[in-house]
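Participant: Here you go, coords26.tsv (TSV, C-alpha atoms):
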```
chain	number	residue	atom	x	y	z
A	3	MET	CA	0.00	0.00	0.00
A	4	SER	CA	1.15	3.45	-0.77
A	5	LYS	CA	0.53	4.56	2.79
A	6	PHE	CA	3.75	2.97	3.97
A	7	GLN	CA	5.93	4.12	1.17
A	8	LYS	CA	9.49	4.78	2.19
A	9	LYS	CA	10.60	8.38	1.94
A	10	ARG	CA	14.04	7.40	0.85
A	11	GLY	CA	14.57	9.85	-1.94
A	12	LYS	CA	13.63	12.92	0.09
A	13	SER	CA	16.22	14.97	1.93
A	14	SER	CA	15.65	15.60	5.63
A	15	PRO	CA	13.01	18.27	6.19
A	16	ALA	CA	14.26	21.72	7.21
A	17	ILE	CA	13.52	22.86	10.73
A	18	SER	CA	10.71	25.30	10.63
A	19	THR	CA	11.86	28.80	11.44
A	20	ALA	CA	8.37	30.18	11.44
A	21	SER	CA	8.38	30.68	15.20
A	22	LEU	CA	11.75	32.41	15.24
A	23	PRO	CA	10.25	35.89	14.83
A	24	ASP	CA	7.99	35.21	17.78
A	25	ILE	CA	10.88	34.30	20.01
A	26	ILE	CA	12.88	37.30	18.92
A	27	PHE	CA	9.88	39.57	19.45
A	28	MET	CA	9.51	38.21	22.94
A	29	LEU	CA	13.12	39.12	23.71
A	30	LEU	CA	12.62	42.45	22.01
A	31	PHE	CA	9.64	43.32	24.18
A	32	PHE	CA	11.53	42.32	27.29
A	33	PHE	CA	14.35	44.70	26.49
A	34	MET	CA	11.97	47.44	25.47
A	35	VAL	CA	10.24	47.24	28.82
A	36	VAL	CA	13.46	47.05	30.81
A	37	THR	CA	15.21	49.87	28.98
A	38	VAL	CA	15.33	53.20	30.69
A	39	MET	CA	16.30	55.87	28.28
A	40	ARG	CA	18.60	58.20	30.10
A	41	ASP	CA	16.98	61.58	29.90
A	42	SER	CA	20.06	63.54	30.73
A	43	GLU	CA	23.56	63.15	29.51
A	44	LEU	CA	26.12	62.89	32.28
A	45	LYS	CA	28.46	65.81	32.17
A	46	VAL	CA	30.33	64.98	35.34
A	47	LYS	CA	32.23	61.84	36.11
A	48	VAL	CA	30.54	59.92	38.90
A	49	SER	CA	31.88	56.77	40.43
A	50	THR	CA	29.88	56.07	43.53
A	51	PRO	CA	31.51	54.61	46.65
A	52	ASN	CA	30.78	51.18	48.06
A	53	ALA	CA	28.44	50.55	50.95
A	54	THR	CA	26.59	47.67	52.56
A	55	GLU	CA	23.43	49.21	54.00
A	56	LEU	CA	21.69	49.73	50.71
A	57	SER	CA	18.07	50.21	50.00
A	58	LYS	CA	16.50	50.20	46.60
A	59	LEU	CA	14.95	53.25	45.04
A	60	GLU	CA	11.52	52.41	43.77
A	61	LYS	CA	9.15	54.58	41.78
A	62	LYS	CA	11.40	56.33	39.31
A	63	SER	CA	8.97	59.21	38.91
A	64	LEU	CA	9.36	60.19	42.56
A	65	VAL	CA	13.12	60.47	42.40
A	66	ASN	CA	15.21	63.38	41.27
A	67	TYR	CA	18.91	63.17	40.73
A	68	ILE	CA	21.72	65.49	41.67
A	69	TYR	CA	25.14	64.62	40.30
A	70	ILE	CA	28.36	65.89	41.82
A	71	GLY	CA	31.75	65.21	40.34
A	72	LYS	CA	34.50	66.47	38.13
A	73	PRO	CA	33.45	67.53	34.64
A	74	VAL	CA	34.20	64.95	31.99
A	75	GLU	CA	37.17	65.62	29.73
A	76	LYS	CA	35.05	67.21	27.04
A	77	PHE	CA	33.97	70.00	29.36
A	78	GLN	CA	37.17	70.46	31.30
A	79	ALA	CA	38.36	73.22	29.00
A	80	THR	CA	35.33	75.36	29.77
A	81	TYR	CA	34.41	74.27	33.29
A	82	GLY	CA	37.76	73.31	34.80
A	83	THR	CA	38.52	70.26	36.88
A	84	LYS	CA	36.87	71.29	40.15
A	85	PRO	CA	33.86	69.20	41.16
A	86	ARG	CA	30.62	70.64	39.87
A	87	ILE	CA	26.94	70.03	40.44
A	88	GLN	CA	24.80	68.80	37.60
A	89	LEU	CA	21.04	69.25	37.76
A	90	GLY	CA	19.06	67.76	34.93
A	91	ASP	CA	21.36	68.12	31.96
A	92	LYS	CA	23.31	71.24	32.83
A	93	PHE	CA	25.96	72.44	35.21
A	94	SER	CA	24.53	74.38	38.10
A	95	ASN	CA	25.38	75.60	41.54
A	96	GLU	CA	23.65	75.00	44.82
A	97	ARG	CA	21.47	78.08	44.51
A	98	ASP	CA	19.60	76.46	41.61
A	99	ILE	CA	18.63	73.42	43.65
A	100	ALA	CA	15.48	74.91	45.15
A	101	LEU	CA	14.09	75.75	41.72
A	102	PHE	CA	15.09	72.36	40.35
A	103	LEU	CA	13.29	70.59	43.19
A	104	GLU	CA	10.24	72.78	42.77
A	105	LYS	CA	10.07	71.96	39.06
A	106	HIS	CA	10.19	68.26	39.79
A	107	ARG	CA	7.70	68.57	42.61
A	108	SER	CA	5.14	70.21	40.38
A	109	SER	CA	5.29	67.26	38.00
A	110	VAL	CA	4.32	64.83	40.76
A	111	PRO	CA	0.71	64.28	41.84
A	112	GLU	CA	-0.06	66.16	45.01
A	113	ASN	CA	-0.75	63.15	47.19
A	114	GLN	CA	2.65	61.64	46.45
A	115	ARG	CA	4.77	64.71	47.03
A	116	GLY	CA	5.74	63.67	50.53
A	117	ALA	CA	7.50	60.62	49.17
A	118	ILE	CA	9.83	62.45	46.80
A	119	LYS	CA	13.41	61.37	47.24
A	120	THR	CA	16.57	63.00	46.07
A	121	SER	CA	19.28	60.71	44.89
A	122	LEU	CA	22.70	62.21	45.41
A	123	ARG	CA	25.05	60.59	42.97
A	124	VAL	CA	28.37	61.81	44.22
A	125	ASP	CA	31.82	60.77	43.08
A	126	GLN	CA	33.79	59.10	45.82
A	127	ASP	CA	36.77	61.43	45.53
A	128	VAL	CA	34.77	64.62	45.96
A	129	THR	CA	35.39	66.47	49.21
A	130	MET	CA	32.59	67.12	51.66
A	131	GLY	CA	32.53	70.90	51.21
A	132	ILE	CA	30.39	70.87	48.09
A	133	VAL	CA	28.27	67.99	49.42
A	134	ALA	CA	27.61	69.92	52.61
A	135	ASP	CA	26.52	72.95	50.58
A	136	VAL	CA	24.10	70.77	48.61
A	137	LYS	CA	22.77	69.21	51.81
A	138	THR	CA	22.21	72.64	53.29
A	139	SER	CA	20.22	73.80	50.27
A	140	LEU	CA	18.22	70.58	50.29
A	141	ARG	CA	17.33	71.15	53.91
A	142	LYS	CA	16.44	74.76	53.23
A	143	ALA	CA	14.20	73.62	50.39
A	144	GLY	CA	12.49	71.12	52.67
A	145	GLN	CA	13.66	68.09	50.73
A	146	LEU	CA	14.72	65.82	53.57
A	147	LEU	CA	14.55	62.33	52.10
A	148	VAL	CA	17.95	61.79	50.57
A	149	ASN	CA	19.60	58.74	49.12
A	150	TYR	CA	23.37	58.62	48.94
A	151	SER	CA	23.82	56.52	45.87
A	152	ALA	CA	26.30	53.70	46.36
A	153	LYS	CA	27.43	50.43	44.87
A	154	PRO	CA	27.12	47.17	46.77
A	155	LYS	CA	30.39	46.17	48.34
A	156	PRO	CA	32.04	43.25	46.57
A	157	LYS	CA	32.27	40.30	48.89
B	104	MET	CA	3.60	30.87	-21.67
B	105	ALA	CA	1.38	30.42	-18.74
B	106	ARG	CA	0.81	33.85	-17.39
B	107	LYS	CA	0.07	33.95	-13.73
B	108	SER	CA	-2.99	35.86	-12.83
B	109	SER	CA	-2.48	38.50	-10.17
B	110	ARG	CA	-5.66	37.29	-8.68
B	111	ASP	CA	-4.08	33.99	-7.94
B	112	ARG	CA	-4.90	33.66	-4.27
B	113	LEU	CA	-2.54	30.82	-3.61
B	114	ASN	CA	0.64	32.79	-4.15
B	115	ASN	CA	-0.50	35.96	-2.50
B	116	GLU	CA	1.15	35.69	0.95
B	117	VAL	CA	3.58	38.24	2.27
B	118	ASN	CA	6.93	36.68	2.84
B	119	ALA	CA	7.47	36.65	6.60
B	120	GLY	CA	10.97	35.27	6.42
B	121	SER	CA	12.60	38.63	6.90
B	122	MET	CA	10.49	39.40	9.94
B	123	ALA	CA	13.08	37.71	12.12
B	124	ASP	CA	15.82	39.88	10.68
B	125	ILE	CA	13.90	43.05	11.39
B	126	ALA	CA	13.16	41.90	14.90
B	127	PHE	CA	16.81	41.04	15.40
B	128	LEU	CA	17.80	44.50	14.30
B	129	LEU	CA	15.47	46.09	16.84
B	130	LEU	CA	16.57	43.64	19.50
B	131	ILE	CA	20.22	44.50	19.01
B	132	PHE	CA	19.41	48.20	19.13
B	133	PHE	CA	17.71	47.83	22.49
B	134	LEU	CA	20.43	45.53	23.78
B	135	VAL	CA	23.01	48.18	23.04
B	136	THR	CA	21.09	51.13	24.44
B	137	THR	CA	19.93	49.40	27.60
B	138	THR	CA	21.59	50.46	30.78
B	139	ILE	CA	20.09	48.62	33.68
B	140	VAL	CA	20.91	51.30	36.20
B	141	GLU	CA	21.57	50.18	39.71
B	142	ASP	CA	19.66	52.59	41.81
B	143	LYS	CA	20.74	51.69	45.25
B	144	GLY	CA	22.02	53.76	48.05
B	145	VAL	CA	22.10	54.66	51.69
B	146	LEU	CA	18.81	56.28	52.57
B	147	VAL	CA	18.96	59.10	55.08
B	148	GLN	CA	16.52	61.57	56.55
B	149	LEU	CA	18.03	65.01	56.88
B	150	PRO	CA	17.00	67.20	59.79
B	151	PRO	CA	14.79	70.16	58.93
B	152	TRP	CA	16.61	73.45	58.51
B	153	SER	CA	16.87	75.75	61.47
B	154	ASP	CA	19.04	78.79	61.74
B	155	GLU	CA	20.59	78.00	65.06
B	156	GLU	CA	22.82	75.02	65.48
B	157	PRO	CA	21.50	72.35	67.80
B	158	ASP	CA	23.42	72.42	71.02
B	159	ILE	CA	24.61	68.97	71.93
B	160	THR	CA	26.78	70.19	74.76
B	161	LYS	CA	23.82	70.28	77.10
B	162	LEU	CA	23.36	66.56	76.62
B	163	ASN	CA	24.99	64.17	78.99
B	164	THR	CA	28.33	63.34	77.41
B	165	ARG	CA	27.96	59.65	78.17
B	166	ASN	CA	25.06	59.52	75.75
B	167	VAL	CA	26.92	61.08	72.85
B	168	PHE	CA	29.04	58.98	70.54
B	169	SER	CA	31.02	61.53	68.61
B	170	VAL	CA	32.72	60.57	65.39
B	171	LEU	CA	35.00	63.07	63.76
B	172	VAL	CA	36.51	62.61	60.34
B	173	ASN	CA	39.26	65.02	59.49
B	174	ALA	CA	40.60	66.22	56.16
B	175	ASN	CA	43.07	63.34	56.06
B	176	ASN	CA	40.17	60.91	56.39
B	177	GLU	CA	41.25	59.87	59.89
B	178	LEU	CA	38.76	59.00	62.56
B	179	LEU	CA	38.48	60.39	66.03
B	180	VAL	CA	35.91	58.48	68.04
B	181	ARG	CA	35.10	59.93	71.45
B	182	GLY	CA	38.46	61.63	71.55
B	183	GLU	CA	40.50	58.66	70.51
B	184	PRO	CA	41.92	57.83	67.10
B	185	LYS	CA	40.23	54.72	65.78
B	186	LYS	CA	40.13	52.56	62.71
B	187	ILE	CA	37.06	52.28	60.55
B	188	ASP	CA	37.00	48.50	60.99
B	189	ASP	CA	36.43	48.82	64.73
B	190	LEU	CA	33.74	51.45	64.44
B	191	ARG	CA	30.81	49.09	64.07
B	192	ALA	CA	31.64	47.01	67.14
B	193	ASP	CA	32.39	50.12	69.21
B	194	CYS	CA	29.16	51.71	68.13
B	195	LYS	CA	27.14	48.63	69.03
B	196	GLU	CA	28.74	48.40	72.42
B	197	PHE	CA	28.08	52.05	73.05
B	198	ILE	CA	24.40	51.82	72.19
B	199	MET	CA	23.54	48.68	74.10
B	200	ASN	CA	26.05	49.09	76.92
B	201	PRO	CA	25.88	45.39	77.87
B	202	ASN	CA	28.14	45.75	80.91
B	203	LYS	CA	26.35	48.84	82.23
B	204	LEU	CA	29.47	50.93	82.10
B	205	GLU	CA	29.45	54.47	83.39
B	206	ASN	CA	30.77	56.08	80.24
B	207	LEU	CA	28.48	54.47	77.66
B	208	ALA	CA	24.88	55.24	76.80
B	209	GLU	CA	22.33	54.96	79.60
B	210	LYS	CA	19.95	53.15	77.31
B	211	PRO	CA	19.56	52.76	73.56
B	212	THR	CA	16.81	55.37	73.36
B	213	LYS	CA	19.12	58.01	74.77
B	214	ALA	CA	22.09	57.23	72.56
B	215	ILE	CA	23.01	59.84	70.00
B	216	ILE	CA	25.59	59.47	67.27
B	217	SER	CA	27.17	62.78	66.51
B	218	MET	CA	29.09	63.12	63.29
B	219	LYS	CA	31.33	65.90	62.22
B	220	ASN	CA	33.70	66.29	59.34
B	221	ASP	CA	35.87	68.84	57.62
B	222	ARG	CA	35.15	70.39	54.27
B	223	GLY	CA	38.25	68.63	52.99
B	224	THR	CA	37.06	65.17	54.02
B	225	LYS	CA	36.58	62.77	51.14
B	226	TYR	CA	32.99	61.83	50.46
B	227	LYS	CA	34.02	58.19	50.39
B	228	ALA	CA	35.30	58.34	53.98
B	229	TYR	CA	32.17	60.13	55.12
B	230	LEU	CA	29.86	57.57	53.57
B	231	GLU	CA	31.91	54.74	54.98
B	232	VAL	CA	31.41	56.07	58.49
B	233	TYR	CA	27.72	56.64	57.89
B	234	ASN	CA	27.42	53.14	56.52
B	235	GLU	CA	29.11	51.61	59.56
B	236	VAL	CA	26.82	53.45	61.95
B	237	LYS	CA	23.78	52.34	60.00
B	238	ALA	CA	25.13	48.79	59.92
B	239	ALA	CA	25.59	48.82	63.69
B	240	TYR	CA	21.97	49.82	64.17
B	241	ARG	CA	20.78	47.29	61.63
B	242	GLU	CA	22.63	44.50	63.40
B	243	LEU	CA	21.23	45.53	66.76
B	244	ARG	CA	17.72	45.57	65.35
B	245	ASP	CA	18.29	42.18	63.78
B	246	GLU	CA	19.38	40.83	67.13
B	247	GLU	CA	16.34	42.35	68.79
B	248	ALA	CA	14.07	40.82	66.17
B	249	GLN	CA	15.64	37.43	66.76
B	250	LEU	CA	15.38	37.67	70.50
B	251	LYS	CA	11.87	38.99	70.70
B	252	TYR	CA	10.03	37.66	67.69
B	253	GLY	CA	12.21	34.78	66.53
B	254	LYS	CA	12.56	36.38	63.13
B	255	GLU	CA	15.89	36.12	61.50
B	256	LYS	CA	16.01	39.72	60.42
B	257	TYR	CA	14.45	43.05	61.26
B	258	GLU	CA	13.12	43.42	57.74
B	259	TYR	CA	11.11	40.20	58.02
B	260	CYS	CA	9.06	41.61	60.91
B	261	THR	CA	5.55	42.90	60.57
B	262	LYS	CA	4.83	46.60	60.69
B	263	THR	CA	3.89	46.72	64.35
B	264	GLU	CA	6.87	44.62	65.33
B	265	LYS	CA	9.13	46.93	63.38
B	266	ARG	CA	7.66	49.95	65.10
B	267	GLU	CA	8.20	48.29	68.44
B	268	ILE	CA	11.85	47.61	67.67
B	269	ARG	CA	12.35	51.05	66.23
B	270	SER	CA	11.05	52.72	69.34
B	271	LYS	CA	13.36	50.58	71.42
B	272	ILE	CA	16.45	51.23	69.32
B	273	PRO	CA	15.88	54.53	67.57
B	274	LEU	CA	18.45	55.69	65.06
B	275	VAL	CA	19.52	59.20	66.00
B	276	ILE	CA	22.37	60.68	64.02
B	277	SER	CA	23.24	64.29	64.46
B	278	GLU	CA	25.43	65.91	61.89
B	279	ALA	CA	27.23	69.14	62.56
B	280	GLU	CA	28.11	71.64	59.89
B	281	PRO	CA	31.56	70.78	58.54
B	282	SER	CA	34.45	72.88	59.69
B	283	ASN	CA	36.56	74.73	57.17
B	284	PHE	CA	39.60	72.53	57.30
B	285	GLY	CA	41.47	70.85	54.53
B	286	GLU	CA	41.85	71.54	50.89
B	287	GLU	CA	38.80	71.12	48.75
B	288	ASN	CA	39.31	69.71	45.33
```
Would you mind giving the structure from this file in structure tokens?
Facilitator:
Amino acid sequence: MSKFQKKRGKSSPAISTASLPDIIFMLLFFFMVVTVMRDSELKVKVSTPNATELSKLEKKSLVNYIYIGKPVEKFQATYGTKPRIQLGDKFSNERDIALFLEKHRSSVPENQRGAIKTSLRVDQDVTMGIVADVKTSLRKAGQLLVNYSAKPKPK
Amino acid sequence: MARKSSRDRLNNEVNAGSMADIAFLLLIFFLVTTTIVEDKGVLVQLPPWSDEEPDITKLNTRNVFSVLVNANNELLVRGEPKKIDDLRADCKEFIMNPNKLENLAEKPTKAIISMKNDRGTKYKAYLEVYNEVKAAYRELRDEEAQLKYGKEKYEYCTKTEKREIRSKIPLVISEAEPSNFGEEN
């Protein structure tokens, strides 16, 4: 009977790649969801110190970032090598912090404003003078929840 | 010649073979641009601003654990030079005062950690000290949680248990304005 004919002449069937796009799309969506597009270019070099008592920052929308560090090489000609403060995407000084915080605060729904945190991303070689100035202006602006950004200590 | 009719339904499928390539392209783009930022850090609550400095001299000196970090990143703990590695153990002993010594804190609720640094102190040294103090408190709270509730860690406790422990071992860190020593970079 022809039902049991041997398929001798035929070459082995190719593996179906029809589901390949689906798999790739799955990966694609994963990365799309995970990706956080950095909204501001870093103009200062920040390498955070190590610490052990870390807590995670949740709710990205309730966090604003203040960077302190030396300007990257590109900007050293214009801004020098002294540590500078970066708010958003431009160099600033501590007097601009209040306005910066206020801008961020107004973008947050009113009932969540008490939970706004400031993440201080400070380079480990910066001296405390500039950090103290920033802390003082944060306190004056009433922004008391502060997170000193740090890397987990390697074991 | 057999001309194919354009209305031939059988051959009218879009070729989906290149779909994978397009998806790969997008995938690689996102792979390259992704930065999974670690957003971790030491969370602190700053004191509200007031124009006059808080006066800690009127406190009983036995309740104050002063930590000074100078511009050379050296530690002075209660008037004695110390190493950062010993700070955690010293701090724990000071807070709990297990041997009821005269010169350590009366009880954990009265203990105050007072930190002061120079403007020339490195941020790294400052954070290290802060981290050690926080670690000391965390370990004490863990011990308390174990003793009282049989939980391995403070963070595993329920809200009311946590509040109970917190009120027993409150974290009080007072930071003075830095003094103008040392060269700032």
Participant: Within 6 Å of chain B, which residues belong to chain A? Use all atoms listed in the file and report them as a list of chain:residue names.
Facilitator: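 Taken together, these residues fit the definition: A:Pro23, A:Leu30, A:Thr37, A:Pro51, A:Leu56, A:Ser57, A:Lys58, A:Leu59, A:Lys84, A:Gln126, A:Asp127, A:Val128, A:Thr129, A:Met130, A:Gly131, A:Arg141, A:Lys142, A:Leu146, A:Leu147, A:Val148, A:Asn149, A:Tyr150, A:Ser151, A:Ala152.
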Participant: So, counting all atoms listed in the file, which residue among A:Gly116, A:Leu29, A:Tyr69, A:Lys61 is closest to A:Ser49?
Facilitator: A:Tyr69
Participant: Restricting the calculation to only C-alpha atoms, which member of A:Ala79, A:Ile26, A:Leu44, A:Ala20 is positioned closest to A:Phe93?
Facilitator: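 Smallest separation from A:Phe93 among the options: A:Leu44.
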Participant: Kindly give the distance, in Å, that separates atom CA of B:Arg269 and atom CA of B:Glu242, rounded to a single decimal.
Facilitator: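 Here the two named atoms are 12.5 Å from each other.
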Participant: Which value, in Å to one decimal, gives the distance between atom CA of A:Ala143 and atom CA of B:Ile276?
Facilitator: 20.5 Å
Participant: Could you tell me how far atom CA of A:Ile87 lies from atom CA of A:Ile70, in Å and to one decimal?
Facilitator: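 For atom CA of A:Ile87 relative to atom CA of A:Ile70, the distance reads 4.6 Å.
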Participant: If you count only C-alpha atoms, which residues fall within 10 Å of A:Leu89, apart from same-chain ones fewer than 6 positions away, as a ChimeraX atom specification?
Facilitator: /A:42,44-45,66-70,95-96,98-99,102-103
Participant: Could you list, as an mmCIF file with C-alpha atoms, in the frame of the given file, every residue within 9 Å of B:Asn200, counting all atoms listed in the file and ignoring same-chain residues fewer than 4 positions away?
Facilitator:
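File around-v4.cif, as written:
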```cif
data_model
loop_
_atom_site.group_PDB
_atom_site.id
_atom_site.type_symbol
_atom_site.label_atom_id
_atom_site.label_comp_id
_atom_site.auth_asym_id
_atom_site.auth_seq_id
_atom_site.Cartn_x
_atom_site.Cartn_y
_atom_site.Cartn_z
ATOM 1 C CA LYS B 195 27.140 48.630 69.030
ATOM 2 C CA GLU B 196 28.740 48.400 72.420
ATOM 3 C CA LEU B 204 29.470 50.930 82.100
ATOM 4 C CA LEU B 207 28.480 54.470 77.660
ATOM 5 C CA ALA B 208 24.880 55.240 76.800
ATOM 6 C CA GLU B 209 22.330 54.960 79.600
ATOM 7 C CA LYS B 210 19.950 53.150 77.310
ATOM 8 C CA PRO B 211 19.560 52.760 73.560
#
```
Participant: So which one's closest to A:Ser108, A:Gln78, A:Lys47, A:Ser63, A:Ala134? Using all atoms listed in the file, please.
Facilitator: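 Ranked by minimum distance to A:Ser108, first place goes to A:Ser63.
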Participant: Neighbouring residues of B:Glu264 were defined as those with any atom within 12 Å, considering only C-alpha atoms; residues of the same chain fewer than 2 positions away were excluded. Please report them as a PyMOL selection string.
Facilitator: chain B and resi 244-245+247-249+251-254+256-262+266-271
